[in-house]
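Chemist: This one is input_33.cif, mmCIF, C-alpha atoms and all ligand atoms.
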data_work
#
loop_
_atom_site.label_atom_id
_atom_site.label_comp_id
_atom_site.auth_asym_id
_atom_site.auth_seq_id
_atom_site.Cartn_x
_atom_site.Cartn_y
_atom_site.Cartn_z
CA MET A 797 8.36 -3.12 -12.14
CA PHE A 798 7.68 -3.69 -8.46
CA PRO A 799 11.02 -3.55 -6.54
CA ILE A 800 10.44 -6.89 -4.84
CA GLU A 801 14.09 -7.65 -4.06
CA LYS A 802 14.60 -4.21 -2.48
CA VAL A 803 11.37 -4.62 -0.51
CA ARG A 804 12.32 -8.08 0.73
CA SER A 805 15.71 -6.86 1.87
CA CYS A 806 13.92 -4.50 4.31
CA PHE A 807 12.44 -7.50 6.18
CA PRO A 808 15.13 -9.54 8.02
CA SER A 809 12.62 -12.21 9.05
CA LEU A 810 12.10 -13.24 5.43
CA GLY A 811 15.60 -14.74 5.46
CA ARG A 812 14.58 -17.33 8.04
CA ILE A 813 15.52 -20.85 7.01
CA VAL A 814 13.22 -23.82 7.65
CA GLY A 815 14.69 -27.12 6.47
CA GLU A 816 16.70 -26.21 3.43
CA ARG A 817 14.91 -23.15 2.16
CA GLU A 818 13.65 -19.74 3.15
CA ALA A 819 10.35 -19.81 5.01
CA VAL A 820 7.29 -18.61 3.13
CA PHE A 821 5.34 -16.08 5.19
CA PHE A 822 1.72 -16.40 4.08
CA ASP A 823 0.51 -15.66 7.62
CA GLY A 824 0.20 -11.91 6.97
CA PRO A 825 -3.58 -11.70 7.66
CA GLY A 826 -2.77 -12.75 11.24
CA GLY A 827 0.01 -10.14 11.47
CA SER A 828 2.59 -9.01 8.93
CA GLN A 829 6.36 -9.10 9.15
CA VAL A 830 8.15 -5.88 10.03
CA PRO A 831 10.90 -3.96 8.19
CA SER A 832 14.01 -3.07 10.20
CA SER A 833 13.13 0.63 9.89
CA VAL A 834 10.21 -0.07 12.24
CA THR A 835 12.29 -1.76 14.93
CA ASP A 836 15.00 0.92 14.51
CA ALA A 837 12.42 3.64 15.18
CA MET A 838 11.08 1.79 18.22
CA SER A 839 14.48 1.20 19.75
CA GLU A 840 15.61 4.77 18.96
CA TYR A 841 12.57 6.05 20.87
CA LEU A 842 13.08 3.73 23.84
CA LEU A 843 16.83 4.23 24.06
CA ARG A 844 16.98 8.00 23.56
CA HIS A 845 13.60 9.70 23.98
CA ASN A 846 11.59 7.56 26.39
CA ALA A 847 9.34 9.61 28.71
CA ASN A 848 5.77 10.35 29.66
CA THR A 849 4.07 13.28 27.99
CA GLY A 850 3.38 16.88 28.88
CA MET A 851 6.46 18.13 30.78
CA SER A 852 9.08 20.66 29.80
CA PHE A 853 12.17 18.42 30.02
CA ALA A 854 13.79 17.26 26.78
CA THR A 855 12.56 13.67 26.47
CA SER A 856 8.99 14.59 27.42
CA LEU A 857 8.96 17.37 24.83
CA GLU A 858 10.36 14.93 22.27
CA THR A 859 7.60 12.47 23.12
CA ASP A 860 4.95 15.18 22.61
CA GLU A 861 6.54 16.00 19.28
CA LEU A 862 6.61 12.34 18.27
CA ILE A 863 2.90 11.99 19.06
CA SER A 864 1.92 14.96 16.92
CA GLU A 865 4.10 13.69 14.06
CA VAL A 866 2.56 10.22 14.27
CA LEU A 867 -0.98 11.59 14.33
CA GLN A 868 -0.17 13.51 11.14
CA ALA A 869 1.34 10.39 9.53
CA CYS A 870 -1.80 8.42 10.39
CA ALA A 871 -4.02 11.20 9.02
CA ASP A 872 -2.04 10.97 5.76
CA PHE A 873 -2.41 7.19 5.89
CA ILE A 874 -6.20 7.18 6.06
CA GLY A 875 -6.81 10.37 4.07
CA CYS A 876 -8.25 12.69 6.70
CA ASN A 877 -7.37 16.37 7.10
CA ASP A 878 -7.51 16.62 10.86
CA PRO A 879 -4.84 14.63 12.78
CA THR A 880 -6.75 15.11 16.05
CA GLU A 881 -9.39 12.72 14.70
CA ILE A 882 -6.90 9.82 15.06
CA VAL A 883 -6.97 7.70 18.22
CA PHE A 884 -4.36 5.14 19.24
CA GLY A 885 -5.14 2.06 21.26
CA GLN A 886 -4.07 -1.45 22.06
CA ASN A 887 -5.65 -3.04 18.98
CA MET A 888 -8.74 -2.74 16.79
CA THR A 889 -10.92 -4.91 19.03
CA SER A 890 -10.29 -2.87 22.19
CA LEU A 891 -10.90 0.41 20.36
CA ASN A 892 -14.08 -0.93 18.82
CA PHE A 893 -15.36 -1.99 22.26
CA GLN A 894 -14.59 1.52 23.47
CA LEU A 895 -16.44 3.06 20.52
CA ALA A 896 -19.36 0.65 20.91
CA SER A 897 -19.69 1.42 24.60
CA ALA A 898 -19.74 5.19 23.88
CA LEU A 899 -22.24 4.92 21.01
CA SER A 900 -24.49 2.51 22.89
CA ARG A 901 -25.08 5.20 25.51
CA THR A 902 -26.71 7.34 22.78
CA TRP A 903 -29.12 4.58 21.64
CA LYS A 904 -32.51 3.48 22.95
CA GLU A 905 -34.90 0.57 22.76
CA GLY A 906 -36.33 0.17 19.27
CA ASP A 907 -33.11 1.33 17.58
CA GLU A 908 -31.44 -1.20 15.30
CA VAL A 909 -27.76 -2.00 14.85
CA VAL A 910 -26.61 -3.75 11.68
CA VAL A 911 -23.58 -6.04 11.31
CA THR A 912 -22.62 -8.41 8.49
CA ARG A 913 -22.04 -12.14 8.17
CA LEU A 914 -18.80 -11.42 6.30
CA ASP A 915 -17.12 -9.58 9.17
CA HIS A 916 -14.45 -10.55 11.66
CA ASP A 917 -15.96 -10.89 15.15
CA GLY A 918 -14.01 -7.77 16.18
CA ASN A 919 -16.62 -5.83 14.21
CA VAL A 920 -19.59 -7.97 15.29
CA GLY A 921 -19.11 -8.81 18.98
CA PRO A 922 -18.76 -5.21 20.25
CA TRP A 923 -21.93 -4.18 18.36
CA SER A 924 -23.89 -7.18 19.51
CA LEU A 925 -23.03 -6.30 23.13
CA ALA A 926 -23.69 -2.59 22.56
CA ALA A 927 -27.13 -3.46 21.20
CA GLU A 928 -27.76 -5.61 24.28
CA TRP A 929 -26.62 -2.81 26.67
CA SER A 930 -28.88 -0.22 25.05
CA GLY A 931 -31.93 -2.39 24.36
CA ALA A 932 -31.41 -2.01 20.59
CA THR A 933 -31.99 -4.89 18.17
CA LEU A 934 -29.12 -6.53 16.27
CA ARG A 935 -29.67 -7.30 12.59
CA LYS A 936 -27.34 -9.01 10.12
CA ILE A 937 -26.61 -8.51 6.42
CA GLY A 938 -26.26 -11.92 4.76
CA VAL A 939 -23.65 -13.23 2.31
CA ASN A 940 -23.85 -14.85 -1.10
CA ARG A 941 -22.44 -18.31 -0.47
CA GLU A 942 -21.19 -18.87 -4.01
CA ASP A 943 -18.64 -16.02 -4.02
CA CYS A 944 -18.61 -14.74 -0.40
CA THR A 945 -19.83 -11.28 -1.36
CA LEU A 946 -22.32 -9.26 0.68
CA ASP A 947 -25.95 -9.86 -0.21
CA MET A 948 -26.99 -6.35 -1.21
CA GLU A 949 -30.66 -7.30 -1.27
CA SER A 950 -30.34 -8.28 2.35
CA ALA A 951 -28.49 -5.00 3.05
CA ASN A 952 -31.34 -2.99 1.54
CA GLU A 953 -33.83 -4.98 3.58
CA VAL A 954 -31.99 -4.87 6.91
CA ILE A 955 -31.00 -1.16 6.88
CA THR A 956 -34.18 0.77 7.68
CA GLU A 957 -35.38 4.00 9.27
CA ARG A 958 -34.76 2.32 12.65
CA THR A 959 -31.06 1.70 11.94
CA VAL A 960 -28.68 3.79 14.04
CA LEU A 961 -25.43 2.10 13.04
CA VAL A 962 -24.01 -0.16 10.33
CA ALA A 963 -20.73 -1.95 11.10
CA ILE A 964 -19.02 -3.32 8.02
CA GLY A 965 -15.60 -4.60 6.96
CA ALA A 966 -13.69 -3.09 4.05
CA ALA A 967 -12.22 -6.51 3.19
CA SER A 968 -12.85 -10.00 4.58
CA ASN A 969 -9.93 -11.61 6.41
CA LEU A 970 -11.17 -15.03 5.29
CA SER A 971 -12.40 -14.79 1.70
CA GLY A 972 -10.56 -11.58 0.79
CA THR A 973 -13.81 -10.04 -0.52
CA ILE A 974 -13.59 -6.25 -0.85
CA ASN A 975 -16.95 -4.69 -0.03
CA ASP A 976 -18.56 -1.77 -1.79
CA ILE A 977 -18.37 0.36 1.35
CA ALA A 978 -19.32 3.61 -0.37
CA LYS A 979 -22.60 1.97 -1.45
CA ILE A 980 -23.36 0.78 2.09
CA VAL A 981 -22.52 4.25 3.44
CA GLU A 982 -24.95 5.75 0.94
CA ILE A 983 -27.76 3.38 1.99
CA ALA A 984 -27.03 3.94 5.70
CA HIS A 985 -26.74 7.73 5.49
CA GLU A 986 -30.02 7.91 3.59
CA VAL A 987 -31.78 6.64 6.72
CA GLY A 988 -29.60 8.69 9.07
CA ALA A 989 -27.48 5.78 10.37
CA GLU A 990 -23.75 6.05 11.10
CA VAL A 991 -21.21 3.66 9.57
CA VAL A 992 -18.20 2.04 11.24
CA VAL A 993 -15.69 0.50 8.85
CA ASP A 994 -13.26 -2.23 9.86
CA ALA A 995 -10.29 -1.64 7.54
CA VAL A 996 -7.93 -4.03 9.34
CA HIS A 997 -7.66 -6.49 6.48
CA PHE A 998 -7.85 -3.83 3.78
CA ALA A 999 -5.03 -1.60 5.06
CA PRO A 1000 -1.96 -3.57 3.90
CA HIS A 1001 -3.38 -4.05 0.39
CA SER A 1002 -5.16 -0.85 -0.66
CA LEU A 1003 -5.25 2.86 0.05
CA ILE A 1004 -7.70 4.01 2.70
CA ASP A 1005 -9.49 7.26 1.91
CA VAL A 1006 -12.05 8.14 4.55
CA SER A 1007 -13.26 11.20 2.68
CA GLU A 1008 -13.99 9.09 -0.40
CA ILE A 1009 -15.61 6.27 1.61
CA GLY A 1010 -17.69 8.81 3.51
CA CYS A 1011 -17.94 6.65 6.65
CA ASP A 1012 -18.24 8.04 10.20
CA PHE A 1013 -15.66 5.86 11.96
CA LEU A 1014 -12.87 3.58 10.72
CA LEU A 1015 -10.49 1.22 12.46
CA CYS A 1016 -7.29 -0.53 11.45
CA SER A 1017 -4.28 -2.20 13.07
CA PRO A 1018 -0.67 -1.23 12.30
CA TYR A 1019 0.54 -4.77 13.02
CA LYS A 1020 -1.24 -5.87 9.85
CA PHE A 1021 0.52 -3.21 7.78
CA PHE A 1022 4.14 -3.86 8.79
CA GLY A 1023 4.07 -2.03 12.11
CA PRO A 1024 3.91 -2.98 15.80
CA HIS A 1025 0.94 -4.30 17.77
CA GLN A 1026 -1.35 -1.30 18.00
CA GLY A 1027 -4.83 -0.22 16.92
CA LEU A 1028 -6.07 2.96 15.25
CA LEU A 1029 -9.49 4.53 15.36
CA TRP A 1030 -10.59 7.46 13.23
CA GLY A 1031 -13.84 9.32 13.82
CA LYS A 1032 -15.35 12.58 12.62
CA ARG A 1033 -14.32 15.41 14.92
CA ASP A 1034 -17.80 16.51 15.97
CA ARG A 1035 -18.73 13.01 17.11
CA MET A 1036 -15.39 12.26 18.75
CA LYS A 1037 -15.71 15.49 20.72
CA GLU A 1038 -19.16 14.81 22.10
CA LEU A 1039 -19.51 11.01 22.48
CA PRO A 1040 -19.68 9.85 26.11
CA VAL A 1041 -16.44 7.87 26.07
CA ALA A 1042 -15.35 6.18 29.30
CA LYS A 1043 -12.54 8.30 30.72
CA LEU A 1044 -10.94 9.29 33.98
CA ARG A 1045 -11.93 12.56 35.69
CA VAL A 1046 -8.27 13.65 35.58
CA ALA A 1047 -7.91 12.91 31.88
CA THR A 1048 -8.11 15.72 29.36
CA GLU A 1049 -11.16 16.51 27.22
CA GLU A 1050 -8.83 17.47 24.38
CA LEU A 1051 -9.04 15.47 21.15
CA PRO A 1052 -7.82 12.84 20.48
CA PHE A 1053 -6.55 12.29 24.03
CA ARG A 1054 -10.01 12.05 25.63
CA TRP A 1055 -10.19 8.67 23.82
CA MET A 1056 -6.70 7.47 24.73
CA THR A 1057 -6.98 5.81 28.12
CA GLY A 1058 -3.89 5.71 30.34
CA THR A 1059 -0.33 5.86 29.06
CA GLN A 1060 0.11 4.87 25.45
CA SER A 1061 2.79 2.81 23.73
CA HIS A 1062 4.96 5.68 22.49
CA GLU A 1063 7.45 3.22 21.04
CA GLY A 1064 4.54 1.62 19.20
CA MET A 1065 3.63 5.01 17.76
CA ALA A 1066 7.22 5.48 16.58
CA GLY A 1067 7.00 2.05 14.92
CA THR A 1068 3.64 2.82 13.33
CA MET A 1069 5.04 6.00 11.82
CA ALA A 1070 7.99 4.02 10.40
CA ALA A 1071 5.56 1.44 8.94
CA ILE A 1072 3.67 4.22 7.14
CA GLU A 1073 7.00 5.64 5.96
CA HIS A 1074 7.95 2.20 4.66
CA ILE A 1075 4.87 2.17 2.43
CA ALA A 1076 5.53 5.79 1.35
CA TRP A 1077 9.12 4.77 0.50
CA ILE A 1078 7.72 2.19 -1.93
CA GLY A 1079 5.66 4.95 -3.58
CA ARG A 1080 8.76 7.11 -4.02
CA GLN A 1081 10.69 4.10 -5.38
CA VAL A 1082 8.09 3.10 -7.97
CA SER A 1083 7.38 6.68 -9.08
CA GLY A 1084 11.07 7.60 -9.23
CA ASN A 1085 10.13 10.82 -7.41
CA PRO A 1086 11.85 11.13 -4.02
CA HIS A 1087 10.06 14.43 -3.33
CA LEU A 1088 6.47 13.17 -3.29
CA SER A 1089 4.42 14.23 -0.28
CA ARG A 1090 3.63 11.38 2.11
CA ARG A 1091 0.01 11.08 0.96
CA ASP A 1092 0.99 11.17 -2.74
CA ALA A 1093 3.70 8.60 -2.08
CA LEU A 1094 1.13 6.36 -0.36
CA ILE A 1095 -1.20 6.70 -3.37
CA GLU A 1096 1.65 5.63 -5.69
CA ALA A 1097 2.67 2.81 -3.36
CA TYR A 1098 -0.77 1.27 -3.10
CA GLY A 1099 -1.25 1.48 -6.88
CA ALA A 1100 1.93 -0.56 -7.31
CA ILE A 1101 1.16 -2.92 -4.41
CA GLU A 1102 -2.31 -3.70 -5.76
CA GLU A 1103 -0.97 -4.47 -9.22
CA TYR A 1104 1.85 -6.63 -7.88
CA GLU A 1105 -0.34 -8.52 -5.40
CA ARG A 1106 -3.00 -9.16 -8.04
CA GLY A 1107 -0.39 -10.96 -10.16
CA LEU A 1108 0.43 -13.23 -7.20
CA CYS A 1109 -3.24 -13.71 -6.38
CA LEU A 1110 -4.12 -14.74 -9.94
CA ARG A 1111 -1.25 -17.24 -10.01
CA MET A 1112 -2.34 -18.74 -6.70
CA LEU A 1113 -5.99 -18.98 -7.78
CA GLU A 1114 -4.98 -20.59 -11.05
CA GLY A 1115 -2.63 -23.07 -9.36
CA LEU A 1116 -5.11 -24.07 -6.65
CA GLY A 1117 -7.85 -24.34 -9.29
CA GLN A 1118 -5.86 -27.11 -10.95
CA ILE A 1119 -5.69 -29.27 -7.83
CA GLU A 1120 -8.53 -31.76 -7.81
CA GLY A 1121 -11.01 -31.28 -4.99
CA VAL A 1122 -9.75 -27.88 -3.83
CA LYS A 1123 -12.65 -25.54 -3.12
CA VAL A 1124 -11.64 -21.88 -2.88
CA TRP A 1125 -14.14 -19.86 -0.82
CA GLY A 1126 -14.66 -16.48 -2.43
CA ILE A 1127 -14.18 -14.79 -5.78
CA THR A 1128 -12.13 -16.93 -8.18
CA GLU A 1129 -12.82 -15.45 -11.63
CA PRO A 1130 -9.64 -13.75 -12.93
CA ASN A 1131 -11.63 -10.82 -14.33
CA ARG A 1132 -12.94 -10.04 -10.81
CA VAL A 1133 -9.55 -10.04 -9.08
CA SER A 1134 -9.89 -6.34 -8.21
CA GLU A 1135 -12.93 -7.23 -6.06
CA ARG A 1136 -10.78 -9.22 -3.64
CA ALA A 1137 -7.65 -8.98 -1.54
CA PRO A 1138 -4.98 -11.67 -2.17
CA THR A 1139 -6.15 -13.69 0.81
CA ILE A 1140 -7.13 -17.13 -0.34
CA SER A 1141 -9.00 -19.68 1.76
CA PHE A 1142 -9.80 -23.21 0.68
CA THR A 1143 -10.97 -26.60 1.86
CA HIS A 1144 -10.44 -30.13 0.52
CA PRO A 1145 -12.70 -33.13 1.12
CA SER A 1146 -9.85 -35.56 1.87
CA MET A 1147 -7.86 -33.59 4.48
CA CYS A 1148 -8.83 -31.05 7.12
CA ALA A 1149 -7.36 -27.54 7.00
CA LYS A 1150 -5.36 -28.00 10.21
CA GLU A 1151 -3.59 -31.07 8.85
CA ILE A 1152 -2.76 -29.36 5.57
CA ALA A 1153 -1.39 -26.39 7.56
CA GLU A 1154 0.76 -28.72 9.68
CA LYS A 1155 2.23 -30.38 6.60
CA LEU A 1156 2.91 -27.00 5.03
CA ALA A 1157 4.57 -25.83 8.27
CA GLU A 1158 6.99 -28.78 8.02
CA ARG A 1159 7.98 -27.42 4.60
CA GLY A 1160 8.45 -23.91 5.97
CA VAL A 1161 5.18 -22.51 4.62
CA PHE A 1162 3.47 -20.44 7.33
CA VAL A 1163 -0.31 -20.39 6.91
CA TRP A 1164 -3.37 -20.41 9.15
CA ALA A 1165 -6.18 -22.92 9.54
CA GLY A 1166 -9.51 -22.28 11.27
CA ASN A 1167 -12.02 -19.42 11.19
CA PHE A 1168 -9.67 -16.52 12.16
CA TYR A 1169 -12.59 -15.05 14.14
CA ALA A 1170 -14.61 -14.65 10.92
CA LEU A 1171 -17.08 -16.90 12.69
CA GLU A 1172 -20.21 -15.41 11.11
CA LEU A 1173 -18.86 -16.39 7.69
CA THR A 1174 -17.69 -19.92 8.52
CA GLU A 1175 -21.07 -20.54 10.16
CA ALA A 1176 -22.93 -19.14 7.14
CA LEU A 1177 -20.86 -21.36 4.84
CA GLY A 1178 -21.29 -24.45 7.05
CA LEU A 1179 -17.53 -24.67 7.62
CA GLU A 1180 -17.48 -25.01 11.41
CA PRO A 1181 -15.72 -26.48 13.33
CA GLU A 1182 -12.82 -27.17 10.96
CA GLY A 1183 -12.73 -23.90 9.07
CA VAL A 1184 -10.47 -23.31 6.10
CA LEU A 1185 -6.81 -23.17 5.13
CA ARG A 1186 -5.83 -19.54 4.58
CA ALA A 1187 -2.84 -18.26 2.60
CA GLY A 1188 -2.42 -14.50 2.76
CA VAL A 1189 -0.15 -12.76 0.30
CA LEU A 1190 1.49 -9.41 1.07
CA HIS A 1191 3.70 -7.07 -0.96
CA TYR A 1192 6.87 -8.76 0.33
CA ASN A 1193 5.88 -12.19 -1.04
CA SER A 1194 7.21 -13.46 -4.36
CA MET A 1195 5.91 -15.40 -7.35
CA GLU A 1196 8.40 -18.14 -6.53
CA GLU A 1197 6.82 -18.49 -3.08
CA VAL A 1198 3.36 -18.76 -4.62
CA ASP A 1199 4.60 -21.52 -6.95
CA PHE A 1200 6.26 -23.39 -4.08
CA PHE A 1201 3.07 -23.12 -2.04
CA VAL A 1202 0.86 -24.41 -4.85
CA ASP A 1203 3.27 -27.30 -5.61
CA SER A 1204 3.42 -28.17 -1.91
CA VAL A 1205 -0.38 -28.17 -1.55
CA ALA A 1206 -0.68 -30.37 -4.66
CA GLU A 1207 1.90 -32.81 -3.28
CA ILE A 1208 0.28 -32.94 0.18
CA LEU A 1209 -3.17 -33.61 -1.29
CA ARG A 1210 -1.98 -36.14 -3.85
C1 LIG A 1301 -10.74 -8.05 9.48
C2 LIG A 1301 -10.25 -7.98 10.89
N1 LIG A 1301 -10.90 -7.20 11.77
C3 LIG A 1301 -10.53 -7.09 13.04
C4 LIG A 1301 -9.45 -7.80 13.53
C5 LIG A 1301 -9.06 -7.63 14.95
O1 LIG A 1301 -7.95 -6.79 15.01
P1 LIG A 1301 -7.09 -6.62 16.34
O2 LIG A 1301 -6.27 -7.84 16.49
O3 LIG A 1301 -6.27 -5.39 16.09
O4 LIG A 1301 -8.04 -6.44 17.46
C6 LIG A 1301 -8.73 -8.63 12.67
C7 LIG A 1301 -7.62 -9.44 13.16
O5 LIG A 1301 -7.26 -10.45 12.61
C8 LIG A 1301 -9.14 -8.72 11.30
O6 LIG A 1301 -8.50 -9.49 10.44
#
Rewrite the structure from the file as structure tokens, please.
Modeler:
Amino acid sequence: MFPIEKVRSCFPSLGRIVGEREAVFFDGPGGSQVPSSVTDAMSEYLLRHNANTGMSFATSLETDELISEVLQACADFIGCNDPTEIVFGQNMTSLNFQLASALSRTWKEGDEVVVTRLDHDGNVGPWSLAAEWSGATLRKIGVNREDCTLDMESANEVITERTVLVAIGAASNLSGTINDIAKIVEIAHEVGAEVVVDAVHFAPHSLIDVSEIGCDFLLCSPYKFFGPHQGLLWGKRDRMKELPVAKLRVATEELPFRWMTGTQSHEGMAGTMAAIEHIAWIGRQVSGNPHLSRRDALIEAYGAIEEYERGLCLRMLEGLGQIEGVKVWGITEPNRVSERAPTISFTHPSMCAKEIAEKLAERGVFVWAGNFYALELTEALGLEPEGVLRAGVLHYNSMEEVDFFVDSVAEILR
């Protein structure tokens, strides 16, 4: 049994009242709620250990220690062995621009860069600009409109001997589609191209394992997995060491700090570590083994989270499927639920997404309407400019919330 009541009690914001009932937070894909352990860690750092790095006085030493602990926690989180391959930054988009600018300086005219029509613009825009800067050509992998999956025929066609980089999302923040990243990595590596994975939407739902995926770079954002507003970049050591990243002359060449421009958010790092510990705590709860290593606890946690979230996802798909006119964009077959994250987007012919979202907001249901920067996809599906209504389920949501949401949507559209 998933300890939903215990989990919910970690998140004070879930007790917020709108009207006469607790608000329903289905806005997780835009940013998750935060357990109090995360804010405790951040305030503990700021109130007692706050300093810049690299000096021999107590708070500076404590800050250095915090950074090495957080790098190790993040290495455990994404499944890499070397914590110095982890880079912190403001958010995924800024880090991806930084990576794109470094990689673009190694490309030449005639090279090709591949993005997908399923990706968030944070994993399209930087590569489109990088291609422009280097004289490379940008190519796009298409999507299957009927279920919002990647068109693998198009992938096989677009990735060629000229490809230097493939940028792909692990999971779509609009349709929830989980991509077969390992397959794309295989195709790309066969022609000698590198692969950048955007795991921002994947990270709160499923375990990241960079060694299993086999990619070259991966990005995610702690604020989507119960932490503060930060971004994380992982890259293979040899590449991170040599890439011509933009840095100050006075800044160190040491990894990962050659990638970390200026002074970082140390309090954010403390919060990110607590967010990872929150997920590990779930693993120790569900396994009944308080002594599990952090990585093993994360493996247990994500097994339980996936199972729990799939139950909620199936209920939501079933409920929405019974409302006349609702068109869910993405995989809807119950037997394919493992191919998607519990992020459900729909449209209705009689009311635009924004209006449905406003009516839900009045009832205390927090959802998003629009394209959420997954512009390639909404354009491919012909859904601009209105976009879709998106409800994103996370491990702190309950079946009762799903039922209330479905009933509310049915009532609004009646
Ligand atoms: C799939 C995906 N990729 C990238 C981003 C951008 O992340 P950040 O806000 O950390 O730049 C988002 C944000 O919503 C996202 O959902």
Chemist: CA of Gly1126 in chain A to CA of Arg804 in chain A: how many Å, to one decimal?
Modeler: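 Going from CA of Gly1126 in chain A over to CA of Arg804 in chain A, I get 28.4 Å.
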Chemist: List as CSV every residue of chain A that is in contact with ligand LIG 1301 (chain A), defined as an atom at most 7 Å from one of its atoms (using all atoms listed in the file), together with the nearest atom pair and the distance in Å rounded to one decimal, sorted by chain and then rising number.
Modeler:
residue,atom,partner,partner_atom,distance
A:Pro825,CA,A:LIG1301,O6,6.1
A:Gly826,CA,A:LIG1301,O5,5.2
A:Asn887,CA,A:LIG1301,O3,3.8
A:Met888,CA,A:LIG1301,O3,3.7
A:Thr889,CA,A:LIG1301,O4,3.6
A:Ser890,CA,A:LIG1301,O4,6.3
A:Asp915,CA,A:LIG1301,C1,6.6
A:His916,CA,A:LIG1301,N1,4.9
A:Asp917,CA,A:LIG1301,C3,7.0
A:Gly918,CA,A:LIG1301,C3,4.7
A:Asn919,CA,A:LIG1301,C3,6.3
A:Gly965,CA,A:LIG1301,C1,6.5
A:Ala967,CA,A:LIG1301,C1,6.6
A:Ser968,CA,A:LIG1301,C1,5.7
A:Asn969,CA,A:LIG1301,C1,4.8
A:Asp994,CA,A:LIG1301,N1,5.8
A:Ala995,CA,A:LIG1301,C1,6.7
A:Val996,CA,A:LIG1301,C2,4.8
A:His997,CA,A:LIG1301,C1,4.6
A:Cys1016,CA,A:LIG1301,O3,6.8
A:Ser1017,CA,A:LIG1301,O3,4.8
A:Gln1026,CA,A:LIG1301,O3,6.7
A:Gly1027,CA,A:LIG1301,O3,5.4
A:Phe1168,CA,A:LIG1301,O5,6.5
Chemist: Can you write just those residues out, C-alpha atoms, as a PDB file, in the frame of the given file?
Modeler:
ATOM      1  CA  PRO A 825      -3.580 -11.700   7.660  1.00  0.00           C
ATOM      2  CA  GLY A 826      -2.770 -12.750  11.240  1.00  0.00           C
ATOM      3  CA  ASN A 887      -5.650  -3.040  18.980  1.00  0.00           C
ATOM      4  CA  MET A 888      -8.740  -2.740  16.790  1.00  0.00           C
ATOM      5  CA  THR A 889     -10.920  -4.910  19.030  1.00  0.00           C
ATOM      6  CA  SER A 890     -10.290  -2.870  22.190  1.00  0.00           C
ATOM      7  CA  ASP A 915     -17.120  -9.580   9.170  1.00  0.00           C
ATOM      8  CA  HIS A 916     -14.450 -10.550  11.660  1.00  0.00           C
ATOM      9  CA  ASP A 917     -15.960 -10.890  15.150  1.00  0.00           C
ATOM     10  CA  GLY A 918     -14.010  -7.770  16.180  1.00  0.00           C
ATOM     11  CA  ASN A 919     -16.620  -5.830  14.210  1.00  0.00           C
ATOM     12  CA  GLY A 965     -15.600  -4.600   6.960  1.00  0.00           C
ATOM     13  CA  ALA A 967     -12.220  -6.510   3.190  1.00  0.00           C
ATOM     14  CA  SER A 968     -12.850 -10.000   4.580  1.00  0.00           C
ATOM     15  CA  ASN A 969      -9.930 -11.610   6.410  1.00  0.00           C
ATOM     16  CA  ASP A 994     -13.260  -2.230   9.860  1.00  0.00           C
ATOM     17  CA  ALA A 995     -10.290  -1.640   7.540  1.00  0.00           C
ATOM     18  CA  VAL A 996      -7.930  -4.030   9.340  1.00  0.00           C
ATOM     19  CA  HIS A 997      -7.660  -6.490   6.480  1.00  0.00           C
ATOM     20  CA  CYS A1016      -7.290  -0.530  11.450  1.00  0.00           C
ATOM     21  CA  SER A1017      -4.280  -2.200  13.070  1.00  0.00           C
ATOM     22  CA  GLN A1026      -1.350  -1.300  18.000  1.00  0.00           C
ATOM     23  CA  GLY A1027      -4.830  -0.220  16.920  1.00  0.00           C
ATOM     24  CA  PHE A1168      -9.670 -16.520  12.160  1.00  0.00           C
TER      25      PHE A1168
END
Chemist: Using all atoms listed in the file, which of A:Gln886, A:Ser805, A:Asn892, A:Thr1068 sits nearest Cys870 in chain A?
Modeler: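 With all atoms listed in the file as the atom set, the closest residue is A:Thr1068.
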Chemist: What does the distance between CA of Ser971 in chain A and CA of Ile1127 in chain A come to in Å, to one decimal place?
Modeler: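 That distance, rounded to one decimal, is 7.7 Å.
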Chemist: My list of candidates is A:Leu914, A:Val814, A:Val1041, A:Val909. Which is closest to Arg941 in chain A when distances are computed with all atoms listed in the file?
Modeler: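 Result for the nearest residue to Arg941 in chain A: A:Leu914.
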Chemist: Compare A:Val1133, A:Ile983, A:Ala1097, A:Leu810 by their minimum atom-to-atom distance to Asn952 in chain A, counting all atoms listed in the file, and give me the closest one.
Modeler: A:Ile983
